[in-house]
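Trainee: The structure that follows is given in the form of structure tokens.
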Amino acid sequence: MNVLNRRKQQRHEFTDTVTICPQGVSQVVDISSGGISFKCRCKQCYEKRWVVDIVDSISGIHLQEFPVEKVWESVEDKKKYTPILTTTVGVKFKSLSFQQRLALYELIYR
């Protein structure tokens, strides 16, 4: 069974979207109605739960204070000659309000 068939929600790839959280700004990889994954350049572990803002530079959509919970984390070292590590983090959305769900839908189907 491939990854797409195992997912409960379809993932949508984004290139001009970032998350903003207490640990900094990170590049979004993909978003679904259930969660988001993003890449960042830090080695530190995120908390189990926190709040993120999601900002899309193309549409200007800014989703504020989305509660998330970490599901997985993967550290990759693509450039052997530099000390920069890229961490990809997958989180699921937790207890979104009706307004937040509507805003998320607007972002996904912009």
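In the structure tokens, the first chain shown is A, the next is B, and so on; residue numbers restart at 1 for each chain, and ligands run from 1 in the order shown.
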Please provide as a list in words all residues within 9 Å of Ile61 of chain A, with the sequence filter that same-chain residues fewer than 4 positions apart are discarded (counting only C-alpha atoms).
Mentor: Ile54, Val55, Asp56, Ser57, Ala103, Glu106 and Leu107 of chain A
Trainee: Would you pick out the contacts of segment 11-16 of chain A at 10 Å or less, using only C-alpha atoms, so that residues sharing its chain but fewer than 3 positions from it are not included, and give the list as number ranges by chain?
Mentor: A: 4, 7-8, 27-38, 55-59, 108-109
Trainee: Can you list, as a list in words, every residue of segment 5-102 of chain A that DSSP puts in helix (DSSP H, G or I)?
Mentor: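 Reading the DSSP output for segment 5-102 of chain A, helix (DSSP H, G or I) covers Asn5, Arg6, Phe98, Gln99, Gln100, Arg101 and Leu102 of chain A.
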Trainee: Between atom CA of Thr87 of chain A and atom CA of Gly24 of chain A, what is the distance in Å, rounded to a tenth?
Mentor: 12.8 Å
Trainee: Which of these, A:Arg101, A:Arg49, A:Cys21, A:Val91, has the shortest distance to Glu65 of chain A once you count only C-alpha atoms?
Mentor: A:Cys21
Trainee: Rank A:Leu63, A:Val68, A:Val18, A:Val75 by their smallest atom-to-atom distance to Leu104 of chain A, using only C-alpha atoms, and report the top residue only.
Mentor: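 Smallest separation from Leu104 of chain A among the options: A:Leu63.
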Trainee: Which is closest to Glu76 of chain A among A:Ile20, A:Glu47, A:Lys39, A:Gln10, if we use only C-alpha atoms?
Mentor: A:Lys39
Trainee: Looking at only C-alpha atoms, which of A:His62, A:Arg41, A:Arg110, A:Lys94 is the one that sits closest to Thr19 of chain A?
Mentor: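 Using only C-alpha atoms, the shortest distance to Thr19 of chain A belongs to A:His62.
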Trainee: So, counting only C-alpha atoms, which residue among A:Leu96, A:Val89, A:Cys40, A:Val51 is closest to Ser26 of chain A?
Mentor: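 Nearest to Ser26 of chain A: A:Cys40.
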Trainee: Per DSSP on the backbone, filter segment 33-79 of chain A down to the residues in strand (DSSP E or B) and report them as a JSON list (two decimals) with N, CA and C atoms, in the first residue's frame.
Mentor:
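result34.json was written with the following content:
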```json
[["chain", "number", "residue", "atom", "x", "y", "z"],
["A", 35, "GLY", "N", -3.52, 18.21, 9.08],
["A", 35, "GLY", "CA", -2.21, 18.58, 9.61],
["A", 35, "GLY", "C", -1.32, 19.24, 8.57],
["A", 36, "ILE", "N", -0.06, 19.41, 8.95],
["A", 36, "ILE", "CA", 0.89, 20.14, 8.12],
["A", 36, "ILE", "C", 2.28, 19.57, 8.37],
["A", 37, "SER", "N", 3.14, 19.60, 7.35],
["A", 37, "SER", "CA", 4.54, 19.27, 7.57],
["A", 37, "SER", "C", 5.37, 20.43, 7.05],
["A", 38, "PHE", "N", 6.50, 20.66, 7.70],
["A", 38, "PHE", "CA", 7.35, 21.79, 7.34],
["A", 38, "PHE", "C", 8.81, 21.47, 7.60],
["A", 39, "LYS", "N", 9.69, 22.19, 6.92],
["A", 39, "LYS", "CA", 11.14, 22.02, 7.07],
["A", 39, "LYS", "C", 11.69, 23.22, 7.81],
["A", 40, "CYS", "N", 12.61, 22.96, 8.70],
["A", 40, "CYS", "CA", 13.28, 24.04, 9.41],
["A", 40, "CYS", "C", 14.75, 23.68, 9.57],
["A", 49, "ARG", "N", 3.14, 19.92, 21.99],
["A", 49, "ARG", "CA", 2.03, 20.74, 21.50],
["A", 49, "ARG", "C", 2.43, 22.21, 21.52],
["A", 50, "TRP", "N", 1.98, 22.96, 20.54],
["A", 50, "TRP", "CA", 2.21, 24.39, 20.50],
["A", 50, "TRP", "C", 1.24, 25.02, 19.51],
["A", 51, "VAL", "N", 1.38, 26.30, 19.24],
["A", 51, "VAL", "CA", 0.49, 27.04, 18.34],
["A", 51, "VAL", "C", 1.32, 27.61, 17.21],
["A", 52, "VAL", "N", 0.80, 27.52, 15.98],
["A", 52, "VAL", "CA", 1.50, 28.09, 14.82],
["A", 52, "VAL", "C", 0.58, 29.04, 14.07],
["A", 53, "ASP", "N", 1.21, 29.99, 13.40],
["A", 53, "ASP", "CA", 0.55, 30.79, 12.38],
["A", 53, "ASP", "C", 1.00, 30.23, 11.04],
["A", 54, "ILE", "N", 0.13, 30.28, 10.04],
["A", 54, "ILE", "CA", 0.46, 29.82, 8.70],
["A", 54, "ILE", "C", 0.25, 30.99, 7.77],
["A", 55, "VAL", "N", 1.29, 31.36, 7.01],
["A", 55, "VAL", "CA", 1.22, 32.53, 6.14],
["A", 55, "VAL", "C", 1.55, 32.11, 4.71],
["A", 56, "ASP", "N", 0.66, 32.44, 3.78],
["A", 56, "ASP", "CA", 0.87, 32.15, 2.35],
["A", 56, "ASP", "C", 1.17, 33.46, 1.63],
["A", 62, "HIS", "N", -3.36, 34.62, 6.06],
["A", 62, "HIS", "CA", -2.61, 34.47, 7.32],
["A", 62, "HIS", "C", -3.53, 33.80, 8.33],
["A", 63, "LEU", "N", -3.25, 32.53, 8.61],
["A", 63, "LEU", "CA", -4.03, 31.78, 9.59],
["A", 63, "LEU", "C", -3.34, 31.91, 10.94],
["A", 64, "GLN", "N", -4.08, 32.34, 11.95],
["A", 64, "GLN", "CA", -3.46, 32.64, 13.24],
["A", 64, "GLN", "C", -3.84, 31.64, 14.32],
["A", 65, "GLU", "N", -2.84, 31.33, 15.16],
["A", 65, "GLU", "CA", -3.01, 30.55, 16.38],
["A", 65, "GLU", "C", -3.69, 29.21, 16.16],
["A", 66, "PHE", "N", -3.11, 28.41, 15.26],
["A", 66, "PHE", "CA", -3.59, 27.05, 15.03],
["A", 66, "PHE", "C", -2.91, 26.10, 16.01],
["A", 67, "PRO", "N", -3.67, 25.45, 16.89],
["A", 67, "PRO", "CA", -3.06, 24.49, 17.82],
["A", 67, "PRO", "C", -2.64, 23.23, 17.08],
["A", 68, "VAL", "N", -1.40, 22.77, 17.34],
["A", 68, "VAL", "CA", -0.87, 21.58, 16.68],
["A", 68, "VAL", "C", -0.22, 20.65, 17.69],
["A", 69, "GLU", "N", -0.10, 19.39, 17.29],
["A", 69, "GLU", "CA", 0.58, 18.38, 18.10],
["A", 69, "GLU", "C", 1.55, 17.62, 17.20],
["A", 70, "LYS", "N", 2.80, 17.49, 17.64],
["A", 70, "LYS", "CA", 3.81, 16.81, 16.83],
["A", 70, "LYS", "C", 3.48, 15.33, 16.71],
["A", 71, "VAL", "N", 3.58, 14.83, 15.46],
["A", 71, "VAL", "CA", 3.35, 13.43, 15.18],
["A", 71, "VAL", "C", 4.67, 12.74, 14.86],
["A", 72, "TRP", "N", 5.54, 13.41, 14.10],
["A", 72, "TRP", "CA", 6.83, 12.83, 13.73],
["A", 72, "TRP", "C", 7.84, 13.92, 13.44],
["A", 73, "GLU", "N", 9.10, 13.52, 13.44],
["A", 73, "GLU", "CA", 10.21, 14.44, 13.18],
["A", 73, "GLU", "C", 11.33, 13.65, 12.50],
["A", 74, "SER", "N", 11.93, 14.24, 11.47],
["A", 74, "SER", "CA", 13.01, 13.56, 10.73],
["A", 74, "SER", "C", 14.14, 14.56, 10.49],
["A", 75, "VAL", "N", 15.35, 14.19, 10.88],
["A", 75, "VAL", "CA", 16.51, 15.05, 10.67],
["A", 75, "VAL", "C", 17.30, 14.50, 9.50],
["A", 76, "GLU", "N", 17.62, 15.37, 8.54],
["A", 76, "GLU", "CA", 18.41, 14.97, 7.39],
["A", 76, "GLU", "C", 19.61, 15.89, 7.21]]
```
